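Structure file work.txt (compact mmCIF, N, CA and C atoms and all ligand atoms) follows.
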```
# COMPACT_ATOMS: atom_id res chain seq x y z
N MET A 220 89.58 100.37 106.59
CA MET A 220 89.19 100.51 105.18
C MET A 220 89.95 101.68 104.57
N ALA A 221 90.62 101.39 103.48
CA ALA A 221 91.29 102.45 102.76
C ALA A 221 90.25 103.31 102.07
N SER A 222 90.32 104.59 102.31
CA SER A 222 89.35 105.49 101.72
C SER A 222 89.63 105.70 100.24
N LEU A 223 88.57 105.93 99.49
CA LEU A 223 88.74 106.27 98.08
C LEU A 223 89.47 107.59 97.93
N ASP A 224 89.44 108.41 98.97
CA ASP A 224 90.15 109.68 98.92
C ASP A 224 91.66 109.47 98.77
N ARG A 225 92.14 108.32 99.18
CA ARG A 225 93.57 108.02 99.03
C ARG A 225 93.98 107.92 97.57
N ILE A 226 93.02 107.62 96.69
CA ILE A 226 93.34 107.58 95.26
C ILE A 226 93.75 108.98 94.82
N ARG A 227 93.03 109.97 95.33
CA ARG A 227 93.31 111.36 94.98
C ARG A 227 94.68 111.80 95.49
N THR A 228 95.02 111.40 96.70
CA THR A 228 96.27 111.88 97.30
C THR A 228 97.48 111.02 96.95
N HIS A 229 97.30 109.71 96.83
CA HIS A 229 98.44 108.82 96.63
C HIS A 229 98.50 108.19 95.23
N GLY A 230 97.42 108.33 94.47
CA GLY A 230 97.38 107.73 93.15
C GLY A 230 96.70 106.37 93.17
N PHE A 231 96.19 105.98 92.00
CA PHE A 231 95.40 104.76 91.93
C PHE A 231 96.23 103.51 92.19
N ARG A 232 97.43 103.45 91.60
CA ARG A 232 98.26 102.24 91.77
C ARG A 232 98.55 101.95 93.24
N ARG A 233 98.90 102.99 93.97
CA ARG A 233 99.22 102.83 95.38
C ARG A 233 97.98 102.42 96.18
N TRP A 234 96.84 103.06 95.87
CA TRP A 234 95.58 102.70 96.54
C TRP A 234 95.25 101.24 96.27
N TYR A 235 95.38 100.83 95.00
CA TYR A 235 95.05 99.46 94.60
C TYR A 235 95.95 98.46 95.33
N GLU A 236 97.24 98.78 95.38
CA GLU A 236 98.19 97.92 96.10
C GLU A 236 97.81 97.78 97.57
N ARG A 237 97.45 98.92 98.19
CA ARG A 237 97.05 98.90 99.61
C ARG A 237 95.76 98.10 99.81
N GLN A 238 94.82 98.23 98.89
CA GLN A 238 93.58 97.47 98.99
C GLN A 238 93.86 95.98 98.96
N LEU A 239 94.74 95.56 98.04
CA LEU A 239 95.04 94.13 97.94
C LEU A 239 95.76 93.63 99.19
N ILE A 240 96.67 94.44 99.73
CA ILE A 240 97.37 94.04 100.96
C ILE A 240 96.36 93.90 102.10
N GLU A 241 95.47 94.91 102.21
CA GLU A 241 94.49 94.88 103.30
C GLU A 241 93.53 93.70 103.16
N CYS A 242 93.09 93.43 101.93
CA CYS A 242 92.12 92.33 101.79
C CYS A 242 92.80 90.99 102.05
N HIS A 243 94.07 90.85 101.72
CA HIS A 243 94.74 89.59 102.02
C HIS A 243 95.07 89.45 103.50
N ALA A 244 95.20 90.58 104.19
CA ALA A 244 95.32 90.50 105.65
C ALA A 244 94.01 89.96 106.25
N TRP A 245 92.87 90.35 105.65
CA TRP A 245 91.59 89.81 106.10
C TRP A 245 91.49 88.33 105.79
N LEU A 246 92.11 87.89 104.69
CA LEU A 246 92.11 86.46 104.37
C LEU A 246 92.92 85.68 105.41
N VAL A 247 94.03 86.26 105.85
CA VAL A 247 94.83 85.62 106.92
C VAL A 247 93.99 85.55 108.20
N SER A 248 93.25 86.63 108.50
CA SER A 248 92.37 86.63 109.68
C SER A 248 91.31 85.54 109.56
N TRP A 249 90.78 85.38 108.36
CA TRP A 249 89.79 84.31 108.13
C TRP A 249 90.39 82.95 108.46
N PHE A 250 91.61 82.73 107.97
CA PHE A 250 92.27 81.44 108.21
C PHE A 250 92.51 81.21 109.71
N LEU A 251 92.96 82.26 110.41
CA LEU A 251 93.16 82.14 111.86
C LEU A 251 91.82 81.86 112.56
N GLY A 252 90.75 82.49 112.08
CA GLY A 252 89.42 82.23 112.63
C GLY A 252 89.01 80.78 112.44
N VAL A 253 89.34 80.20 111.30
CA VAL A 253 89.03 78.79 111.05
C VAL A 253 89.80 77.91 112.04
N ILE A 254 91.06 78.26 112.29
CA ILE A 254 91.86 77.47 113.25
C ILE A 254 91.24 77.54 114.64
N VAL A 255 90.81 78.73 115.06
CA VAL A 255 90.18 78.89 116.37
C VAL A 255 88.87 78.11 116.41
N LEU A 256 88.10 78.18 115.34
CA LEU A 256 86.82 77.47 115.26
C LEU A 256 87.03 75.96 115.41
N VAL A 257 87.98 75.41 114.69
CA VAL A 257 88.24 73.96 114.75
C VAL A 257 88.78 73.59 116.13
N SER A 258 89.62 74.47 116.69
CA SER A 258 90.12 74.22 118.06
C SER A 258 88.96 74.19 119.05
N GLY A 259 88.01 75.10 118.87
CA GLY A 259 86.82 75.13 119.73
C GLY A 259 86.03 73.85 119.64
N LEU A 260 85.91 73.32 118.42
CA LEU A 260 85.21 72.04 118.25
C LEU A 260 85.91 70.93 119.03
N GLU A 261 87.24 70.92 118.93
CA GLU A 261 88.03 69.90 119.61
C GLU A 261 87.89 70.02 121.13
N VAL A 262 88.01 71.25 121.63
CA VAL A 262 87.94 71.48 123.09
C VAL A 262 86.52 71.20 123.60
N ALA A 263 85.50 71.58 122.84
CA ALA A 263 84.11 71.37 123.27
C ALA A 263 83.73 69.89 123.29
N GLY A 264 84.52 69.06 122.61
CA GLY A 264 84.23 67.63 122.57
C GLY A 264 84.43 66.94 123.91
N ALA A 265 85.32 67.46 124.73
CA ALA A 265 85.57 66.88 126.06
C ALA A 265 84.56 67.46 127.05
N PRO A 266 83.84 66.62 127.82
CA PRO A 266 82.78 67.11 128.72
C PRO A 266 83.28 68.12 129.76
N ALA A 267 84.50 67.96 130.27
CA ALA A 267 85.00 68.86 131.31
C ALA A 267 85.27 70.26 130.79
N SER A 268 85.57 70.40 129.50
CA SER A 268 85.93 71.73 128.97
C SER A 268 84.92 72.22 127.93
N ARG A 269 83.68 71.85 128.09
CA ARG A 269 82.67 72.23 127.10
C ARG A 269 82.44 73.75 127.02
N PRO A 270 82.22 74.47 128.16
CA PRO A 270 81.97 75.93 128.05
C PRO A 270 83.11 76.70 127.38
N PRO A 271 84.37 76.48 127.77
CA PRO A 271 85.43 77.21 127.05
C PRO A 271 85.51 76.83 125.57
N GLY A 272 85.21 75.58 125.28
CA GLY A 272 85.22 75.14 123.88
C GLY A 272 84.14 75.83 123.06
N VAL A 273 82.97 75.99 123.65
CA VAL A 273 81.86 76.66 122.94
C VAL A 273 82.22 78.14 122.72
N ILE A 274 82.85 78.75 123.71
CA ILE A 274 83.26 80.17 123.56
C ILE A 274 84.29 80.29 122.43
N LEU A 275 85.26 79.37 122.40
CA LEU A 275 86.25 79.37 121.31
C LEU A 275 85.58 79.17 119.97
N LEU A 276 84.65 78.24 119.92
CA LEU A 276 83.95 77.94 118.68
C LEU A 276 83.18 79.16 118.18
N LEU A 277 82.44 79.82 119.07
CA LEU A 277 81.66 80.99 118.66
C LEU A 277 82.56 82.16 118.28
N GLY A 278 83.65 82.35 119.02
CA GLY A 278 84.61 83.41 118.67
C GLY A 278 85.23 83.15 117.31
N GLY A 279 85.62 81.93 117.07
CA GLY A 279 86.20 81.56 115.77
C GLY A 279 85.22 81.74 114.64
N LEU A 280 83.96 81.39 114.91
CA LEU A 280 82.92 81.55 113.89
C LEU A 280 82.71 83.03 113.56
N ALA A 281 82.68 83.88 114.59
CA ALA A 281 82.48 85.31 114.36
C ALA A 281 83.64 85.89 113.55
N VAL A 282 84.87 85.55 113.92
CA VAL A 282 86.05 86.05 113.18
C VAL A 282 86.03 85.55 111.75
N THR A 283 85.68 84.30 111.57
CA THR A 283 85.65 83.71 110.23
C THR A 283 84.64 84.42 109.32
N VAL A 284 83.42 84.60 109.82
CA VAL A 284 82.37 85.23 109.01
C VAL A 284 82.72 86.68 108.69
N TYR A 285 83.12 87.46 109.73
CA TYR A 285 83.43 88.87 109.52
C TYR A 285 84.63 89.05 108.59
N SER A 286 85.69 88.26 108.77
CA SER A 286 86.88 88.36 107.93
C SER A 286 86.56 88.02 106.48
N TRP A 287 85.75 87.01 106.26
CA TRP A 287 85.41 86.63 104.89
C TRP A 287 84.62 87.74 104.19
N LYS A 288 83.69 88.36 104.93
CA LYS A 288 82.91 89.45 104.34
C LYS A 288 83.81 90.62 103.97
N ARG A 289 84.75 90.99 104.85
CA ARG A 289 85.67 92.10 104.58
C ARG A 289 86.58 91.77 103.40
N TYR A 290 87.11 90.57 103.38
CA TYR A 290 87.98 90.14 102.29
C TYR A 290 87.24 90.25 100.96
N HIS A 291 86.04 89.72 100.93
CA HIS A 291 85.26 89.71 99.70
C HIS A 291 84.91 91.13 99.26
N LEU A 292 84.51 92.01 100.19
CA LEU A 292 84.14 93.39 99.87
C LEU A 292 85.34 94.15 99.31
N LEU A 293 86.47 94.10 100.00
CA LEU A 293 87.64 94.86 99.55
C LEU A 293 88.13 94.38 98.20
N LEU A 294 88.15 93.09 98.01
CA LEU A 294 88.60 92.54 96.73
C LEU A 294 87.65 92.93 95.60
N GLU A 295 86.36 92.87 95.88
CA GLU A 295 85.37 93.20 94.86
C GLU A 295 85.50 94.66 94.42
N VAL A 296 85.61 95.58 95.38
CA VAL A 296 85.73 97.01 95.04
C VAL A 296 87.04 97.27 94.29
N ALA A 297 88.15 96.68 94.77
CA ALA A 297 89.44 96.88 94.10
C ALA A 297 89.42 96.35 92.68
N GLU A 298 88.86 95.18 92.48
CA GLU A 298 88.82 94.60 91.14
C GLU A 298 87.89 95.38 90.22
N ARG A 299 86.76 95.79 90.76
CA ARG A 299 85.79 96.55 89.94
C ARG A 299 86.41 97.85 89.46
N LEU A 300 87.06 98.61 90.35
CA LEU A 300 87.68 99.87 89.94
C LEU A 300 88.93 99.62 89.11
N GLY A 301 89.66 98.56 89.42
CA GLY A 301 90.88 98.24 88.67
C GLY A 301 90.60 97.92 87.21
N GLU A 302 89.47 97.27 86.95
CA GLU A 302 89.11 96.94 85.56
C GLU A 302 88.79 98.18 84.74
N GLN A 303 88.38 99.27 85.42
CA GLN A 303 87.98 100.48 84.71
C GLN A 303 89.05 101.56 84.75
N ALA A 304 90.23 101.24 85.24
CA ALA A 304 91.27 102.24 85.42
C ALA A 304 92.10 102.48 84.17
N VAL A 305 91.59 102.06 83.03
CA VAL A 305 92.29 102.25 81.76
C VAL A 305 91.62 103.38 80.99
N CYS A 306 92.42 104.33 80.52
CA CYS A 306 91.88 105.45 79.75
C CYS A 306 91.25 104.91 78.46
N PRO A 307 89.99 105.30 78.19
CA PRO A 307 89.34 104.79 76.98
C PRO A 307 89.98 105.29 75.69
N ARG A 308 90.67 106.42 75.73
CA ARG A 308 91.26 106.95 74.49
C ARG A 308 92.67 106.44 74.26
N CYS A 309 93.57 106.58 75.26
CA CYS A 309 94.98 106.25 75.03
C CYS A 309 95.42 104.95 75.71
N GLN A 310 94.51 104.28 76.41
CA GLN A 310 94.78 102.99 77.06
C GLN A 310 95.83 103.05 78.17
N ALA A 311 96.10 104.24 78.71
CA ALA A 311 97.05 104.36 79.82
C ALA A 311 96.40 103.79 81.08
N TYR A 312 97.12 102.92 81.79
CA TYR A 312 96.56 102.30 82.99
C TYR A 312 96.91 103.12 84.22
N ALA A 313 95.90 103.48 84.99
CA ALA A 313 96.04 104.13 86.29
C ALA A 313 96.77 105.47 86.23
N LYS A 314 96.75 106.13 85.10
CA LYS A 314 97.37 107.45 85.00
C LYS A 314 96.28 108.50 84.88
N PHE A 315 95.59 108.72 86.00
CA PHE A 315 94.50 109.70 85.98
C PHE A 315 94.42 110.44 87.30
N ASN A 316 93.79 111.61 87.24
CA ASN A 316 93.47 112.37 88.44
C ASN A 316 91.98 112.26 88.68
N ILE A 317 91.58 112.33 89.95
CA ILE A 317 90.17 112.28 90.30
C ILE A 317 89.62 113.70 90.25
N GLU A 318 88.64 113.92 89.38
CA GLU A 318 87.98 115.23 89.29
C GLU A 318 86.92 115.35 90.38
N SER A 319 86.15 114.28 90.59
CA SER A 319 85.14 114.24 91.65
C SER A 319 84.85 112.78 91.97
N SER A 320 84.23 112.57 93.12
CA SER A 320 83.92 111.21 93.53
C SER A 320 82.70 111.21 94.43
N GLY A 321 82.11 110.05 94.58
CA GLY A 321 80.96 109.96 95.47
C GLY A 321 80.81 108.54 95.98
N PRO A 322 80.16 108.35 97.02
CA PRO A 322 79.64 109.38 97.91
C PRO A 322 80.77 110.12 98.61
N ALA A 323 80.49 111.30 99.12
CA ALA A 323 81.53 112.11 99.76
C ALA A 323 82.13 111.37 100.94
N PRO A 324 83.47 111.41 101.07
CA PRO A 324 84.11 110.73 102.20
C PRO A 324 83.69 111.34 103.54
N LEU A 325 83.69 110.53 104.56
CA LEU A 325 83.40 111.02 105.91
C LEU A 325 84.58 111.85 106.40
N PRO A 326 84.37 112.70 107.41
CA PRO A 326 85.49 113.51 107.93
C PRO A 326 86.68 112.68 108.41
N ASP A 327 86.44 111.47 108.90
CA ASP A 327 87.55 110.63 109.37
C ASP A 327 88.24 109.89 108.23
N GLY A 328 87.83 110.15 106.99
CA GLY A 328 88.47 109.52 105.85
C GLY A 328 87.79 108.25 105.39
N GLY A 329 86.79 107.78 106.11
CA GLY A 329 86.08 106.57 105.72
C GLY A 329 85.02 106.88 104.66
N ASP A 330 84.69 105.90 103.90
CA ASP A 330 83.64 106.05 102.89
C ASP A 330 82.43 105.27 103.35
N PRO A 331 81.29 105.96 103.60
CA PRO A 331 80.12 105.26 104.16
C PRO A 331 79.61 104.14 103.26
N VAL A 332 79.61 104.34 101.96
CA VAL A 332 79.08 103.30 101.08
C VAL A 332 80.03 102.12 101.01
N LEU A 333 81.34 102.40 100.99
CA LEU A 333 82.31 101.31 101.00
C LEU A 333 82.17 100.49 102.27
N GLU A 334 81.97 101.19 103.38
CA GLU A 334 81.81 100.48 104.65
C GLU A 334 80.54 99.63 104.65
N ASN A 335 79.52 100.06 103.89
CA ASN A 335 78.25 99.33 103.83
C ASN A 335 78.12 98.61 102.50
N HIS A 336 79.06 97.75 102.22
CA HIS A 336 79.00 96.80 101.11
C HIS A 336 79.45 97.32 99.76
N GLY A 337 80.03 98.50 99.67
CA GLY A 337 80.71 98.90 98.45
C GLY A 337 79.85 99.32 97.28
N GLY A 338 78.58 99.40 97.43
CA GLY A 338 77.74 99.78 96.30
C GLY A 338 77.71 101.28 96.10
N GLY A 339 77.50 101.71 94.88
CA GLY A 339 77.31 103.13 94.59
C GLY A 339 78.56 103.98 94.54
N VAL A 340 79.73 103.38 94.64
CA VAL A 340 80.96 104.16 94.59
C VAL A 340 81.22 104.59 93.15
N TRP A 341 81.55 105.85 92.94
CA TRP A 341 81.90 106.32 91.60
C TRP A 341 83.04 107.33 91.67
N LEU A 342 83.79 107.38 90.60
CA LEU A 342 84.91 108.32 90.46
C LEU A 342 84.84 108.95 89.08
N ARG A 343 85.05 110.23 88.99
CA ARG A 343 85.17 110.89 87.68
C ARG A 343 86.67 111.12 87.47
N ALA A 344 87.23 110.43 86.48
CA ALA A 344 88.67 110.45 86.26
C ALA A 344 89.03 111.29 85.04
N LYS A 345 90.21 111.90 85.07
CA LYS A 345 90.73 112.66 83.93
C LYS A 345 92.15 112.17 83.66
N CYS A 346 92.36 111.68 82.45
CA CYS A 346 93.66 111.11 82.07
C CYS A 346 94.75 112.17 82.13
N ARG A 347 95.90 111.80 82.71
CA ARG A 347 97.03 112.74 82.78
C ARG A 347 97.78 112.82 81.46
N LYS A 348 97.61 111.83 80.60
CA LYS A 348 98.32 111.82 79.32
C LYS A 348 97.56 112.56 78.22
N CYS A 349 96.25 112.27 78.08
CA CYS A 349 95.52 112.83 76.94
C CYS A 349 94.36 113.73 77.34
N GLY A 350 94.00 113.80 78.61
CA GLY A 350 92.93 114.69 79.05
C GLY A 350 91.53 114.11 78.93
N GLU A 351 91.40 112.88 78.49
CA GLU A 351 90.08 112.23 78.39
C GLU A 351 89.46 112.09 79.79
N GLU A 352 88.15 112.27 79.86
CA GLU A 352 87.43 112.09 81.13
C GLU A 352 86.50 110.89 81.01
N TRP A 353 86.41 110.12 82.08
CA TRP A 353 85.48 108.99 82.12
C TRP A 353 85.12 108.67 83.55
N MET A 354 84.08 107.82 83.67
CA MET A 354 83.57 107.46 85.00
C MET A 354 84.01 106.04 85.35
N LEU A 355 84.39 105.86 86.61
CA LEU A 355 84.64 104.54 87.16
C LEU A 355 83.52 104.29 88.15
N LYS A 356 82.75 103.23 87.94
CA LYS A 356 81.60 102.96 88.82
C LYS A 356 81.71 101.59 89.44
ZN ZN B 401 94.35 108.98 78.05
```
Output the file's structure as structure tokens, nothing else.
Amino acid sequence: MASLDRIRTHGFRRWYERQLIECHAWLVSWFLGVIVLVSGLEVAGAPASRPPGVILLLGGLAVTVYSWKRYHLLLEVAERLGEQAVCPRCQAYAKFNIESSGPAPLPDGGDPVLENHGGGVWLRAKCRKCGEEWMLK
């Protein structure tokens, strides 16, 4: 998970780009999980190879569900913050510095709320062009 702290160090555009790349990597994982799941169904259909087929099926199901949840979470947070990344006064897109943010990032750079479904994330932004301050929630 890309930390919100990366917005502060690398800028919003770069963070947003990385979020989209990461979430689409999860979409690829989802697709691979579907392939494994369908393969498991096929293998489990033959009586001699039922146990390995069931293991493939369950593994594919786990990858599919987890990947879809990650894809959806990352895309939702990126889109939500991306829609609010425009300065309300001068309409400059993604040209701001982070004054403060919450919840506080973990020491390893992870964001606990982002990791637990993305709720409650906020950023206090200050426009680099005109100095306007606003909240991204
Ligand atoms: Zn501005």
Taking into account only C-alpha atoms, which residue in the set A:Ser286, A:Tyr235, A:Gly321, A:Arg269 is nearest to Val253 in chain A? A:Ser286
Could you give me, as JSON, numbers by chain, every polymer residue with an atom at most 6 Å away from an atom of ligand ZN 401 (chain B), counting only C-alpha atoms and all ligand atoms? {"A": [306, 308, 309, 311, 346, 348, 349, 350, 351]}
Please produce a file of those selected residues containing N, CA and C atoms, as a short mmCIF file (atom, residue, chain, number, x, y, z; two decimals), in the coordinates of the input.
```cif
data_model
loop_
_atom_site.label_atom_id
_atom_site.label_comp_id
_atom_site.auth_asym_id
_atom_site.auth_seq_id
_atom_site.Cartn_x
_atom_site.Cartn_y
_atom_site.Cartn_z
N CYS A 306 92.42 104.33 80.52
CA CYS A 306 91.88 105.45 79.75
C CYS A 306 91.25 104.91 78.46
N ARG A 308 90.67 106.42 75.73
CA ARG A 308 91.26 106.95 74.49
C ARG A 308 92.67 106.44 74.26
N CYS A 309 93.57 106.58 75.26
CA CYS A 309 94.98 106.25 75.03
C CYS A 309 95.42 104.95 75.71
N ALA A 311 96.10 104.24 78.71
CA ALA A 311 97.05 104.36 79.82
C ALA A 311 96.40 103.79 81.08
N CYS A 346 92.36 111.68 82.45
CA CYS A 346 93.66 111.11 82.07
C CYS A 346 94.75 112.17 82.13
N LYS A 348 97.61 111.83 80.60
CA LYS A 348 98.32 111.82 79.32
C LYS A 348 97.56 112.56 78.22
N CYS A 349 96.25 112.27 78.08
CA CYS A 349 95.52 112.83 76.94
C CYS A 349 94.36 113.73 77.34
N GLY A 350 94.00 113.80 78.61
CA GLY A 350 92.93 114.69 79.05
C GLY A 350 91.53 114.11 78.93
N GLU A 351 91.40 112.88 78.49
CA GLU A 351 90.08 112.23 78.39
C GLU A 351 89.46 112.09 79.79
#
```
Return the single residue from A:Glu236, A:Glu261, A:Pro270, A:Trp287 that is closest to Trp249 in chain A, with distances computed using all atoms listed in the file.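 Among the listed residues, the smallest separation from Trp249 in chain A belongs to A:Trp287.
CA of Val247 in chain A sits 23.8 Å away from CA of Pro271 in chain A.
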Need the shell around Thr283 in chain A: protein/DNA/RNA residues with any atom at most 8 Å away, counting all atoms listed in the file. Skip same-chain ones fewer than 3 positions apart. Format as a ChimeraX atom specification? /A:248-254,256,277-280,286-289
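When CA of Glu241 in chain A is paired with CA of Ser320 in chain A, their separation reads 21.8 Å.
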Please, which residues of range 248-350 of chain A, numbered as in this document, come out alpha helix (DSSP H) from DSSP, as a PyMOL selection string? chain A and resi 248-263+269-302+331-334
Give the answer as one residue: which of A:Trp245, A:Phe315, A:Trp353, A:Trp341 has the shortest atom-to-atom distance to Thr228 in chain A, using only C-alpha atoms? A:Phe315
Just to confirm, what's the straight-line distance from atom N of Ala265 in chain A to atom C of Val282 in chain A in Å (one decimal)?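 Atom C of Val282 in chain A lies at a distance of 22.3 Å from atom N of Ala265 in chain A.
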Name the residues in contact with Leu260 in chain A at a cut-off of 7 Å, using only N, CA and C atoms, excluding same-chain residues fewer than 5 positions from it; report them as a PyMOL selection string. chain A and resi 255+265+272-273+275-276
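Minimum distance to Gln238 in chain A across A:Leu294, A:Leu355, A:Ala281, A:Val257 (counting only N, CA and C atoms) occurs at A:Leu294.
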So which residues touch Leu239 in chain A within 7 Å, counting all atoms listed in the file, skipping near sequence neighbours fewer than 4 positions away, as a CSV table (one decimal) with N, CA and C atoms, in the frame of the given file?
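Writing done, so here's result35.csv:
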```csv
chain,number,residue,atom,x,y,z
A,234,TRP,N,96.8,103.1,95.9
A,234,TRP,CA,95.6,102.7,96.5
A,234,TRP,C,95.2,101.2,96.3
A,235,TYR,N,95.4,100.8,95.0
A,235,TYR,CA,95.0,99.5,94.6
A,235,TYR,C,96.0,98.5,95.3
A,243,HIS,N,94.1,90.8,101.7
A,243,HIS,CA,94.7,89.6,102.0
A,243,HIS,C,95.1,89.4,103.5
A,244,ALA,N,95.2,90.6,104.2
A,244,ALA,CA,95.3,90.5,105.6
A,244,ALA,C,94.0,90.0,106.2
A,293,LEU,N,86.5,94.1,100.0
A,293,LEU,CA,87.6,94.9,99.6
A,293,LEU,C,88.1,94.4,98.2
A,294,LEU,N,88.2,93.1,98.0
A,294,LEU,CA,88.6,92.5,96.7
A,294,LEU,C,87.6,92.9,95.6
A,297,ALA,N,88.2,96.7,94.8
A,297,ALA,CA,89.4,96.9,94.1
A,297,ALA,C,89.4,96.4,92.7
```
